[in-house]
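query_11.pdb, holding PDB, C-alpha atoms:
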```pdb
ATOM      1  CA  MET I 225     260.658  56.120 127.217
ATOM      2  CA  LYS I 226     257.631  54.640 128.971
ATOM      3  CA  LYS I 227     258.511  51.676 131.167
ATOM      4  CA  TYR I 228     256.945  48.298 130.458
ATOM      5  CA  LYS I 229     257.033  45.016 132.338
ATOM      6  CA  GLY I 230     259.058  43.351 129.594
ATOM      7  CA  LEU I 231     262.339  44.129 127.869
ATOM      8  CA  LEU I 232     263.169  45.031 124.284
ATOM      9  CA  ILE I 233     266.734  44.081 123.412
ATOM     10  CA  SER I 234     267.894  44.963 119.917
ATOM     11  CA  PHE I 235     270.968  43.648 118.146
ATOM     12  CA  GLU I 236     272.786  45.893 115.690
ATOM     13  CA  GLY I 237     275.798  45.698 113.428
ATOM     14  CA  ILE I 238     276.883  45.506 109.828
ATOM     15  CA  ASP I 239     275.975  42.484 107.698
ATOM     16  CA  GLY I 240     278.090  39.484 108.641
ATOM     17  CA  SER I 241     278.504  40.526 112.271
ATOM     18  CA  GLY I 242     276.671  37.393 113.414
ATOM     19  CA  LYS I 243     273.506  38.982 114.808
ATOM     20  CA  SER I 244     271.077  36.289 113.673
ATOM     21  CA  SER I 245     273.231  33.433 114.979
ATOM     22  CA  VAL I 246     273.749  35.155 118.319
ATOM     23  CA  ILE I 247     270.030  35.872 118.719
ATOM     24  CA  LYS I 248     269.019  32.276 117.955
ATOM     25  CA  ASN I 249     271.471  30.884 120.489
ATOM     26  CA  ILE I 250     270.516  33.438 123.148
ATOM     27  CA  TYR I 251     266.862  32.528 122.628
ATOM     28  CA  GLU I 252     267.614  28.828 123.168
ATOM     29  CA  GLU I 253     269.440  29.649 126.398
ATOM     30  CA  LEU I 254     266.663  31.832 127.787
ATOM     31  CA  LYS I 255     263.430  30.197 126.649
ATOM     32  CA  ASN I 256     263.210  27.656 129.482
ATOM     33  CA  ASN I 257     263.304  30.315 132.191
ATOM     34  CA  TYR I 258     261.700  33.361 130.592
ATOM     35  CA  GLU I 259     258.962  34.339 128.176
ATOM     36  CA  VAL I 260     261.180  35.321 125.269
ATOM     37  CA  GLU I 261     260.460  35.882 121.580
ATOM     38  CA  ILE I 262     262.484  36.696 118.457
ATOM     39  CA  THR I 263     261.574  39.292 115.862
ATOM     40  CA  ARG I 264     263.353  41.320 113.161
ATOM     41  CA  GLU I 265     263.348  44.480 111.101
ATOM     42  CA  PRO I 266     262.283  45.292 108.544
ATOM     43  CA  GLY I 267     259.277  43.047 108.984
ATOM     44  CA  GLY I 268     258.777  41.186 112.208
ATOM     45  CA  ASN I 269     255.702  39.492 113.591
ATOM     46  CA  ASN I 270     253.287  41.709 111.705
ATOM     47  CA  VAL I 271     251.619  41.167 108.323
ATOM     48  CA  VAL I 272     251.894  44.756 107.070
ATOM     49  CA  SER I 273     255.527  45.052 108.160
ATOM     50  CA  GLU I 274     256.397  41.843 106.318
ATOM     51  CA  LYS I 275     254.794  43.145 103.115
ATOM     52  CA  ILE I 276     256.892  46.296 103.385
ATOM     53  CA  ARG I 277     259.968  44.117 103.952
ATOM     54  CA  ASP I 278     259.260  42.330 100.673
ATOM     55  CA  ILE I 279     259.126  45.656  98.842
ATOM     56  CA  LEU I 280     262.389  46.844 100.381
ATOM     57  CA  LEU I 281     264.330  43.653  99.710
ATOM     58  CA  ASN I 282     263.219  43.228  96.115
ATOM     59  CA  ASN I 283     262.975  46.759  94.713
ATOM     60  CA  LYS I 284     265.476  49.562  94.343
ATOM     61  CA  VAL I 285     263.778  52.724  95.587
ATOM     62  CA  GLU I 286     264.795  56.320  96.245
ATOM     63  CA  PRO I 287     266.654  56.900  99.547
ATOM     64  CA  GLU I 288     263.799  58.990 100.974
ATOM     65  CA  THR I 289     261.246  56.354  99.976
ATOM     66  CA  GLU I 290     263.385  53.727 101.676
ATOM     67  CA  ALA I 291     263.500  55.775 104.889
ATOM     68  CA  TYR I 292     259.710  56.236 104.897
ATOM     69  CA  LEU I 293     259.110  52.532 104.261
ATOM     70  CA  PHE I 294     261.389  51.490 107.107
ATOM     71  CA  ALA I 295     259.663  53.949 109.431
ATOM     72  CA  ALA I 296     256.210  52.718 108.373
ATOM     73  CA  SER I 297     257.199  49.110 108.930
ATOM     74  CA  ARG I 298     258.639  49.969 112.344
ATOM     75  CA  ASN I 299     255.482  51.818 113.358
ATOM     76  CA  GLU I 300     253.279  48.792 112.597
ATOM     77  CA  HIS I 301     255.761  46.377 114.168
ATOM     78  CA  THR I 302     256.172  48.406 117.344
ATOM     79  CA  LYS I 303     252.550  49.289 118.040
ATOM     80  CA  LYS I 304     250.932  46.000 117.021
ATOM     81  CA  TYR I 305     253.532  43.518 118.248
ATOM     82  CA  ILE I 306     256.403  44.845 120.371
ATOM     83  CA  ILE I 307     254.541  47.082 122.835
ATOM     84  CA  PRO I 308     251.739  44.550 123.516
ATOM     85  CA  ALA I 309     254.388  41.888 124.158
ATOM     86  CA  LEU I 310     256.272  44.189 126.536
ATOM     87  CA  LYS I 311     253.050  44.920 128.414
ATOM     88  CA  ASP I 312     252.725  41.163 128.907
ATOM     89  CA  GLY I 313     256.197  41.085 130.460
ATOM     90  CA  LYS I 314     257.984  39.317 127.595
ATOM     91  CA  ILE I 315     261.609  39.657 126.563
ATOM     92  CA  ILE I 316     261.853  40.578 122.876
ATOM     93  CA  LEU I 317     265.094  39.924 120.987
ATOM     94  CA  CYS I 318     264.990  42.082 117.859
ATOM     95  CA  ASP I 319     267.351  41.687 114.911
ATOM     96  CA  ARG I 320     267.850  45.394 114.035
ATOM     97  CA  TYR I 321     265.729  48.329 115.124
ATOM     98  CA  LEU I 322     265.997  52.133 115.008
ATOM     99  CA  ASP I 323     269.817  52.290 114.943
ATOM    100  CA  SER I 324     269.868  50.600 111.550
ATOM    101  CA  SER I 325     267.673  53.308 110.015
ATOM    102  CA  LEU I 326     269.739  56.080 111.581
ATOM    103  CA  VAL I 327     272.895  54.520 110.166
ATOM    104  CA  TYR I 328     271.824  53.116 106.783
ATOM    105  CA  GLN I 329     269.449  55.856 105.680
ATOM    106  CA  GLY I 330     270.582  58.767 107.848
ATOM    107  CA  ILE I 331     274.326  58.372 107.383
ATOM    108  CA  GLY I 332     274.824  55.884 104.555
ATOM    109  CA  ARG I 333     272.194  57.429 102.289
ATOM    110  CA  LYS I 334     273.128  60.940 103.439
ATOM    111  CA  ILE I 335     269.545  61.847 104.312
ATOM    112  CA  GLY I 336     270.665  63.097 107.697
ATOM    113  CA  TYR I 337     270.704  61.442 111.109
ATOM    114  CA  LYS I 338     268.321  63.969 112.678
ATOM    115  CA  LYS I 339     265.848  63.819 109.793
ATOM    116  CA  VAL I 340     265.585  60.031 109.992
ATOM    117  CA  GLU I 341     265.293  60.129 113.775
ATOM    118  CA  LYS I 342     262.493  62.710 113.572
ATOM    119  CA  LEU I 343     260.688  60.683 110.899
ATOM    120  CA  ASN I 344     260.751  57.559 113.058
ATOM    121  CA  ASP I 345     259.822  59.346 116.264
ATOM    122  CA  PHE I 346     256.665  60.579 114.570
ATOM    123  CA  GLY I 347     255.571  56.947 114.253
ATOM    124  CA  ILE I 348     256.899  55.391 117.461
ATOM    125  CA  ASN I 349     256.651  58.442 119.759
ATOM    126  CA  GLY I 350     260.267  58.344 120.908
ATOM    127  CA  PHE I 351     260.091  54.635 121.772
ATOM    128  CA  ARG I 352     263.533  52.995 122.189
ATOM    129  CA  PRO I 353     264.915  49.554 123.078
ATOM    130  CA  ASN I 354     265.883  49.065 126.700
ATOM    131  CA  PHE I 355     269.337  47.951 125.580
ATOM    132  CA  VAL I 356     271.207  47.617 122.299
ATOM    133  CA  PHE I 357     273.920  45.031 121.737
ATOM    134  CA  TYR I 358     276.216  46.321 119.019
ATOM    135  CA  LEU I 359     278.272  43.538 117.445
ATOM    136  CA  ASP I 360     281.429  45.332 116.405
ATOM    137  CA  ILE I 361     283.461  43.847 113.553
ATOM    138  CA  ASN I 362     285.704  45.214 110.818
ATOM    139  CA  PRO I 363     283.630  45.577 107.615
ATOM    140  CA  ASP I 364     286.175  43.766 105.466
ATOM    141  CA  ILE I 365     285.988  40.725 107.749
ATOM    142  CA  SER I 366     282.199  40.811 107.972
ATOM    143  CA  PHE I 367     281.635  41.026 104.235
ATOM    144  CA  GLN I 368     284.090  38.214 103.660
ATOM    145  CA  ARG I 369     281.926  36.152 105.999
ATOM    146  CA  THR I 370     278.792  36.900 103.988
ATOM    147  CA  LYS I 371     280.639  35.990 100.801
ATOM    148  CA  ASN I 372     281.796  32.674 102.244
ATOM    149  CA  ASP I 373     278.440  31.585 103.687
ATOM    150  CA  GLY I 374     276.929  31.325 100.207
ATOM    151  CA  ARG I 375     273.736  33.246 100.866
ATOM    152  CA  SER I 376     272.082  35.137  98.025
ATOM    153  CA  ASN I 377     272.106  38.918  98.221
ATOM    154  CA  ASN I 378     269.044  41.138  98.121
ATOM    155  CA  VAL I 379     268.857  44.810  97.105
ATOM    156  CA  LEU I 380     269.693  46.020 100.613
ATOM    157  CA  ASP I 381     272.721  43.707 100.861
ATOM    158  CA  ASP I 382     274.149  45.037  97.619
ATOM    159  CA  GLU I 383     273.687  48.647  98.689
ATOM    160  CA  ALA I 384     275.122  47.965 102.140
ATOM    161  CA  TYR I 385     278.346  46.644 100.639
ATOM    162  CA  LEU I 386     278.904  49.884  98.739
ATOM    163  CA  MET I 387     278.367  51.900 101.938
ATOM    164  CA  LYS I 388     280.119  49.489 104.308
ATOM    165  CA  ASN I 389     282.691  51.900 105.729
ATOM    166  CA  LYS I 390     280.155  54.688 106.305
ATOM    167  CA  ILE I 391     277.807  52.213 107.951
ATOM    168  CA  TYR I 392     280.540  50.882 110.212
ATOM    169  CA  GLU I 393     281.501  54.398 111.280
ATOM    170  CA  GLY I 394     277.832  55.195 111.882
ATOM    171  CA  PHE I 395     277.259  52.260 114.224
ATOM    172  CA  ASN I 396     280.379  53.146 116.196
ATOM    173  CA  LEU I 397     279.215  56.748 116.445
ATOM    174  CA  LEU I 398     275.835  55.689 117.879
ATOM    175  CA  ALA I 399     277.464  53.320 120.364
ATOM    176  CA  LYS I 400     279.689  56.120 121.674
ATOM    177  CA  LYS I 401     276.810  58.587 121.777
ATOM    178  CA  ASN I 402     274.525  56.232 123.727
ATOM    179  CA  ARG I 403     276.866  54.581 126.206
ATOM    180  CA  LYS I 404     274.161  54.138 128.844
ATOM    181  CA  ASN I 405     272.205  51.502 126.943
ATOM    182  CA  HIS I 406     274.512  50.443 124.096
ATOM    183  CA  ILE I 407     276.727  47.453 124.836
ATOM    184  CA  VAL I 408     279.641  46.914 122.458
ATOM    185  CA  VAL I 409     280.683  43.313 121.822
ATOM    186  CA  ASP I 410     283.751  42.244 119.846
ATOM    187  CA  ALA I 411     282.132  40.164 117.098
ATOM    188  CA  SER I 412     285.451  39.161 115.521
ATOM    189  CA  LYS I 413     285.863  36.526 118.242
ATOM    190  CA  PRO I 414     284.705  32.909 117.703
ATOM    191  CA  LEU I 415     280.903  32.648 117.681
ATOM    192  CA  ASP I 416     280.622  30.646 120.904
ATOM    193  CA  GLU I 417     282.718  33.263 122.709
ATOM    194  CA  VAL I 418     280.552  36.099 121.367
ATOM    195  CA  ILE I 419     277.384  34.267 122.440
ATOM    196  CA  ARG I 420     278.733  33.673 125.936
ATOM    197  CA  ASN I 421     279.779  37.306 126.269
ATOM    198  CA  VAL I 422     276.334  38.565 125.228
ATOM    199  CA  LEU I 423     274.521  36.030 127.379
ATOM    200  CA  ASP I 424     276.475  36.890 130.524
ATOM    201  CA  LYS I 425     275.706  40.591 130.114
ATOM    202  CA  LEU I 426     272.074  40.015 129.154
ATOM    203  CA  LYS I 427     271.357  37.759 132.120
ATOM    204  CA  LYS I 428     272.488  40.515 134.478
ATOM    205  CA  ILE I 429     270.205  42.981 132.718
ATOM    206  CA  ILE I 430     267.246  40.607 132.930
ATOM    207  CA  GLU I 431     267.792  39.767 136.593
ATOM    208  CA  GLU I 432     268.034  43.426 137.551
ATOM    209  CA  HIS I 433     264.987  44.374 135.476
ATOM    210  CA  TYR I 434     262.645  41.752 136.894
ATOM    211  CA  GLU I 435     263.897  42.095 140.450
ATOM    212  CA  ASN I 436     262.757  45.728 140.338
ATOM    213  CA  LYS I 437     259.231  44.875 139.137
TER     214      LYS I 437
END
```

Just give me the structure of the file as structure tokens.
Amino acid sequence: MKKYKGLLISFEGIDGSGKSSVIKNIYEELKNNYEVEITREPGGNNVVSEKIRDILLNNKVEPETEAYLFAASRNEHTKKYIIPALKDGKIILCDRYLDSSLVYQGIGRKIGYKKVEKLNDFGINGFRPNFVFYLDINPDISFQRTKNDGRSNNVLDDEAYLMKNKIYEGFNLLAKKNRKNHIVVDASKPLDEVIRNVLDKLKKIIEEHYENK
């Protein structure tokens, strides 16, 4: 992966793992000392990607179509927003990135891990986050959380529930396969403890990264 002045940190995990809450709190902790921004996938800070997100969340499509749409959204998001921001030296906190496609479409949808990886690499030229924080939580606990928080489900949420065990196994597989840049965090702990754990590790990463620039 080409090195940029900034850092892309993605957060992965099954629905209900607490990614969005962790990211928001991490952002609040970092924003006074660093140029930091939040984005998400599918969608993100890009008009085309957001339109694709709307299609994905509100329409049931074929597994292969879903994989292509995620890859297309990621291509636009990466080239028009993420890479320019990294060139400017910013820290980007991204709610989901490539791992989610590898797990949900590659493993959950049974398209094949390698096929989905190849499809995405065509668009983003092998681009990867600097580090991935994987929020590890038992799927039964996580989906109980989503049930209790009262949020309305979209098409992807409904499908994810049916594949929850495959998805959980997939995320664990990726974390073990990519130990160098995947950081596993026990997301079953109280939220403030999870946030502190992530923040402590992330601050070390940031300090080391910018000291070497």

| For I:Ala399, which of I:Pro266, I:Gly240, I:Asp360, I:Pro308 is the closest residue, counting all atoms listed in the file? | I:Asp360

| From the list I:Leu280, I:Cys318, I:Leu232, I:Leu398, which residue is nearest I:Tyr337 when using all atoms listed in the file? |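 The answer is I:Leu398, which sits nearest to I:Tyr337.
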
| field | From I:Glu259, I:Asp410, I:Glu288, I:Asp319, residue lying nearest I:Ile247 [all atoms listed in the file] | value | I:Asp319

| query | Which one of I:Lys401, I:Arg264, I:His301, I:Lys342 sits closest to I:Gly330 if you count all atoms listed in the file? | reply |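 With all atoms listed in the file as the atom set, the closest residue is I:Lys342.
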
| request: Compare I:Asn402, I:Thr263, I:Asn389, I:Asn269 by their minimum atom-to-atom distance to I:Ile331, counting all atoms listed in the file, and give me the closest one. | output: I:Asn389

| note | Closest of I:Gly336, I:Asn299, I:Asn282, I:Asp364 to I:Gly350, counting only C-alpha atoms, is I:Asn299

| task | For the structure shown, which residues end up in the PyMOL selection byres ((chain I and resi 344) around 12)? Put them as a ChimeraX atom specification, please? | result | /I:291-300,302,321-326,329-330,337-343,345-352

| Coordinates-based distance that separates atom CA of I:Met387 from atom CA of I:Arg333 (Å, one decimal) |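 Answer for the atom CA of I:Arg333 to atom CA of I:Met387 separation: 8.3 Å.
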
| Selected by the PyMOL selection byres ((chain I and resi 254) around 12) in the shown coordinates: which residues, as a ChimeraX atom specification? | /I:247-253,255-262,314-317,423-424,426-427,430-431

Dump as a tab-separated table (two decimals), in the frame of the given file, selection limited to C-alpha atoms:
```
chain	number	residue	atom	x	y	z
I	247	ILE	CA	270.03	35.87	118.72
I	248	LYS	CA	269.02	32.28	117.96
I	249	ASN	CA	271.47	30.88	120.49
I	250	ILE	CA	270.52	33.44	123.15
I	251	TYR	CA	266.86	32.53	122.63
I	252	GLU	CA	267.61	28.83	123.17
I	253	GLU	CA	269.44	29.65	126.40
I	255	LYS	CA	263.43	30.20	126.65
I	256	ASN	CA	263.21	27.66	129.48
I	257	ASN	CA	263.30	30.32	132.19
I	258	TYR	CA	261.70	33.36	130.59
I	259	GLU	CA	258.96	34.34	128.18
I	260	VAL	CA	261.18	35.32	125.27
I	261	GLU	CA	260.46	35.88	121.58
I	262	ILE	CA	262.48	36.70	118.46
I	314	LYS	CA	257.98	39.32	127.60
I	315	ILE	CA	261.61	39.66	126.56
I	316	ILE	CA	261.85	40.58	122.88
I	317	LEU	CA	265.09	39.92	120.99
I	423	LEU	CA	274.52	36.03	127.38
I	424	ASP	CA	276.48	36.89	130.52
I	426	LEU	CA	272.07	40.02	129.15
I	427	LYS	CA	271.36	37.76	132.12
I	430	ILE	CA	267.25	40.61	132.93
I	431	GLU	CA	267.79	39.77	136.59
```

| task | Quote the spacing between atom CA of I:Phe367 and atom CA of I:Ser412 in Å to one decimal place. | result | 12.1 Å

| said: Translate the PyMOL selection byres ((chain I and resi 411) around 10) into a concrete residue list for this structure, as JSON, numbers by chain. | reply: {"I": [237, 240, 241, 242, 243, 246, 358, 359, 360, 361, 362, 366, 408, 409, 410, 412, 413, 414, 415, 417, 418, 419, 421]}

| said: Just the number, please: distance in Å from atom CA of I:Gly230 to atom CA of I:Pro353, one decimal. | reply: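 It comes out at 10.7 Å.
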
Could stretch 383-408 of chain I be completed with N, CA, C and O atoms and returned as a PDB file, in the coordinates of the input?
```pdb
ATOM      1  N   GLU I 383     273.478  47.240  98.359  1.00  0.00           N
ATOM      2  CA  GLU I 383     273.687  48.647  98.689  1.00  0.00           C
ATOM      3  C   GLU I 383     274.564  48.784  99.932  1.00  0.00           C
ATOM      4  O   GLU I 383     275.412  49.676 100.015  1.00  0.00           O
ATOM      5  N   ALA I 384     274.357  47.904 100.899  1.00  0.00           N
ATOM      6  CA  ALA I 384     275.122  47.965 102.140  1.00  0.00           C
ATOM      7  C   ALA I 384     276.609  47.757 101.889  1.00  0.00           C
ATOM      8  O   ALA I 384     277.458  48.380 102.539  1.00  0.00           O
ATOM      9  N   TYR I 385     276.937  46.894 100.939  1.00  0.00           N
ATOM     10  CA  TYR I 385     278.346  46.644 100.639  1.00  0.00           C
ATOM     11  C   TYR I 385     279.026  47.910 100.137  1.00  0.00           C
ATOM     12  O   TYR I 385     280.160  48.219 100.519  1.00  0.00           O
ATOM     13  N   LEU I 386     278.333  48.662  99.296  1.00  0.00           N
ATOM     14  CA  LEU I 386     278.904  49.884  98.739  1.00  0.00           C
ATOM     15  C   LEU I 386     279.101  50.956  99.814  1.00  0.00           C
ATOM     16  O   LEU I 386     279.965  51.828  99.683  1.00  0.00           O
ATOM     17  N   MET I 387     278.294  50.882 100.876  1.00  0.00           N
ATOM     18  CA  MET I 387     278.367  51.900 101.938  1.00  0.00           C
ATOM     19  C   MET I 387     279.033  51.360 103.201  1.00  0.00           C
ATOM     20  O   MET I 387     278.910  51.957 104.265  1.00  0.00           O
ATOM     21  N   LYS I 388     279.707  50.224 103.111  1.00  0.00           N
ATOM     22  CA  LYS I 388     280.119  49.489 104.308  1.00  0.00           C
ATOM     23  C   LYS I 388     280.947  50.303 105.300  1.00  0.00           C
ATOM     24  O   LYS I 388     280.747  50.202 106.512  1.00  0.00           O
ATOM     25  N   ASN I 389     281.853  51.131 104.809  1.00  0.00           N
ATOM     26  CA  ASN I 389     282.691  51.900 105.729  1.00  0.00           C
ATOM     27  C   ASN I 389     281.909  53.007 106.425  1.00  0.00           C
ATOM     28  O   ASN I 389     282.085  53.249 107.621  1.00  0.00           O
ATOM     29  N   LYS I 390     281.013  53.672 105.690  1.00  0.00           N
ATOM     30  CA  LYS I 390     280.155  54.688 106.305  1.00  0.00           C
ATOM     31  C   LYS I 390     279.250  54.069 107.355  1.00  0.00           C
ATOM     32  O   LYS I 390     279.012  54.632 108.423  1.00  0.00           O
ATOM     33  N   ILE I 391     278.710  52.899 107.026  1.00  0.00           N
ATOM     34  CA  ILE I 391     277.807  52.213 107.951  1.00  0.00           C
ATOM     35  C   ILE I 391     278.541  51.812 109.226  1.00  0.00           C
ATOM     36  O   ILE I 391     278.038  51.994 110.338  1.00  0.00           O
ATOM     37  N   TYR I 392     279.735  51.291 109.059  1.00  0.00           N
ATOM     38  CA  TYR I 392     280.540  50.882 110.212  1.00  0.00           C
ATOM     39  C   TYR I 392     280.831  52.083 111.111  1.00  0.00           C
ATOM     40  O   TYR I 392     280.676  52.006 112.336  1.00  0.00           O
ATOM     41  N   GLU I 393     281.228  53.181 110.507  1.00  0.00           N
ATOM     42  CA  GLU I 393     281.501  54.398 111.280  1.00  0.00           C
ATOM     43  C   GLU I 393     280.236  54.889 111.978  1.00  0.00           C
ATOM     44  O   GLU I 393     280.289  55.366 113.116  1.00  0.00           O
ATOM     45  N   GLY I 394     279.096  54.753 111.302  1.00  0.00           N
ATOM     46  CA  GLY I 394     277.832  55.195 111.882  1.00  0.00           C
ATOM     47  C   GLY I 394     277.446  54.403 113.121  1.00  0.00           C
ATOM     48  O   GLY I 394     277.025  54.988 114.133  1.00  0.00           O
ATOM     49  N   PHE I 395     277.586  53.084 113.059  1.00  0.00           N
ATOM     50  CA  PHE I 395     277.259  52.260 114.224  1.00  0.00           C
ATOM     51  C   PHE I 395     278.173  52.572 115.404  1.00  0.00           C
ATOM     52  O   PHE I 395     277.730  52.614 116.553  1.00  0.00           O
ATOM     53  N   ASN I 396     279.444  52.797 115.123  1.00  0.00           N
ATOM     54  CA  ASN I 396     280.379  53.146 116.196  1.00  0.00           C
ATOM     55  C   ASN I 396     280.041  54.499 116.803  1.00  0.00           C
ATOM     56  O   ASN I 396     280.143  54.684 118.022  1.00  0.00           O
ATOM     57  N   LEU I 397     279.607  55.431 115.962  1.00  0.00           N
ATOM     58  CA  LEU I 397     279.215  56.748 116.445  1.00  0.00           C
ATOM     59  C   LEU I 397     278.023  56.649 117.398  1.00  0.00           C
ATOM     60  O   LEU I 397     278.011  57.267 118.472  1.00  0.00           O
ATOM     61  N   LEU I 398     277.014  55.849 117.020  1.00  0.00           N
ATOM     62  CA  LEU I 398     275.835  55.689 117.879  1.00  0.00           C
ATOM     63  C   LEU I 398     276.190  55.013 119.201  1.00  0.00           C
ATOM     64  O   LEU I 398     275.655  55.374 120.255  1.00  0.00           O
ATOM     65  N   ALA I 399     277.067  54.023 119.140  1.00  0.00           N
ATOM     66  CA  ALA I 399     277.464  53.320 120.364  1.00  0.00           C
ATOM     67  C   ALA I 399     278.159  54.265 121.341  1.00  0.00           C
ATOM     68  O   ALA I 399     277.938  54.202 122.556  1.00  0.00           O
ATOM     69  N   LYS I 400     278.990  55.158 120.817  1.00  0.00           N
ATOM     70  CA  LYS I 400     279.689  56.120 121.674  1.00  0.00           C
ATOM     71  C   LYS I 400     278.730  57.177 122.209  1.00  0.00           C
ATOM     72  O   LYS I 400     278.859  57.633 123.344  1.00  0.00           O
ATOM     73  N   LYS I 401     277.764  57.555 121.384  1.00  0.00           N
ATOM     74  CA  LYS I 401     276.810  58.587 121.777  1.00  0.00           C
ATOM     75  C   LYS I 401     275.829  58.090 122.831  1.00  0.00           C
ATOM     76  O   LYS I 401     275.323  58.880 123.638  1.00  0.00           O
ATOM     77  N   ASN I 402     275.549  56.797 122.829  1.00  0.00           N
ATOM     78  CA  ASN I 402     274.525  56.232 123.727  1.00  0.00           C
ATOM     79  C   ASN I 402     275.129  55.159 124.629  1.00  0.00           C
ATOM     80  O   ASN I 402     274.681  54.013 124.655  1.00  0.00           O
ATOM     81  N   ARG I 403     276.123  55.539 125.371  1.00  0.00           N
ATOM     82  CA  ARG I 403     276.866  54.581 126.206  1.00  0.00           C
ATOM     83  C   ARG I 403     276.009  53.939 127.295  1.00  0.00           C
ATOM     84  O   ARG I 403     276.289  52.836 127.746  1.00  0.00           O
ATOM     85  N   LYS I 404     274.958  54.643 127.731  1.00  0.00           N
ATOM     86  CA  LYS I 404     274.161  54.138 128.844  1.00  0.00           C
ATOM     87  C   LYS I 404     273.428  52.843 128.512  1.00  0.00           C
ATOM     88  O   LYS I 404     273.241  51.989 129.385  1.00  0.00           O
ATOM     89  N   ASN I 405     272.970  52.715 127.259  1.00  0.00           N
ATOM     90  CA  ASN I 405     272.205  51.502 126.943  1.00  0.00           C
ATOM     91  C   ASN I 405     272.734  50.738 125.729  1.00  0.00           C
ATOM     92  O   ASN I 405     272.118  49.794 125.279  1.00  0.00           O
ATOM     93  N   HIS I 406     273.879  51.169 125.199  1.00  0.00           N
ATOM     94  CA  HIS I 406     274.512  50.443 124.096  1.00  0.00           C
ATOM     95  C   HIS I 406     275.699  49.639 124.618  1.00  0.00           C
ATOM     96  O   HIS I 406     276.595  50.205 125.254  1.00  0.00           O
ATOM     97  N   ILE I 407     275.672  48.351 124.362  1.00  0.00           N
ATOM     98  CA  ILE I 407     276.727  47.453 124.836  1.00  0.00           C
ATOM     99  C   ILE I 407     277.517  46.953 123.632  1.00  0.00           C
ATOM    100  O   ILE I 407     276.964  46.301 122.745  1.00  0.00           O
ATOM    101  N   VAL I 408     278.784  47.281 123.590  1.00  0.00           N
ATOM    102  CA  VAL I 408     279.641  46.914 122.458  1.00  0.00           C
ATOM    103  C   VAL I 408     280.277  45.557 122.707  1.00  0.00           C
ATOM    104  O   VAL I 408     280.871  45.312 123.757  1.00  0.00           O
TER     105      VAL I 408
END
```
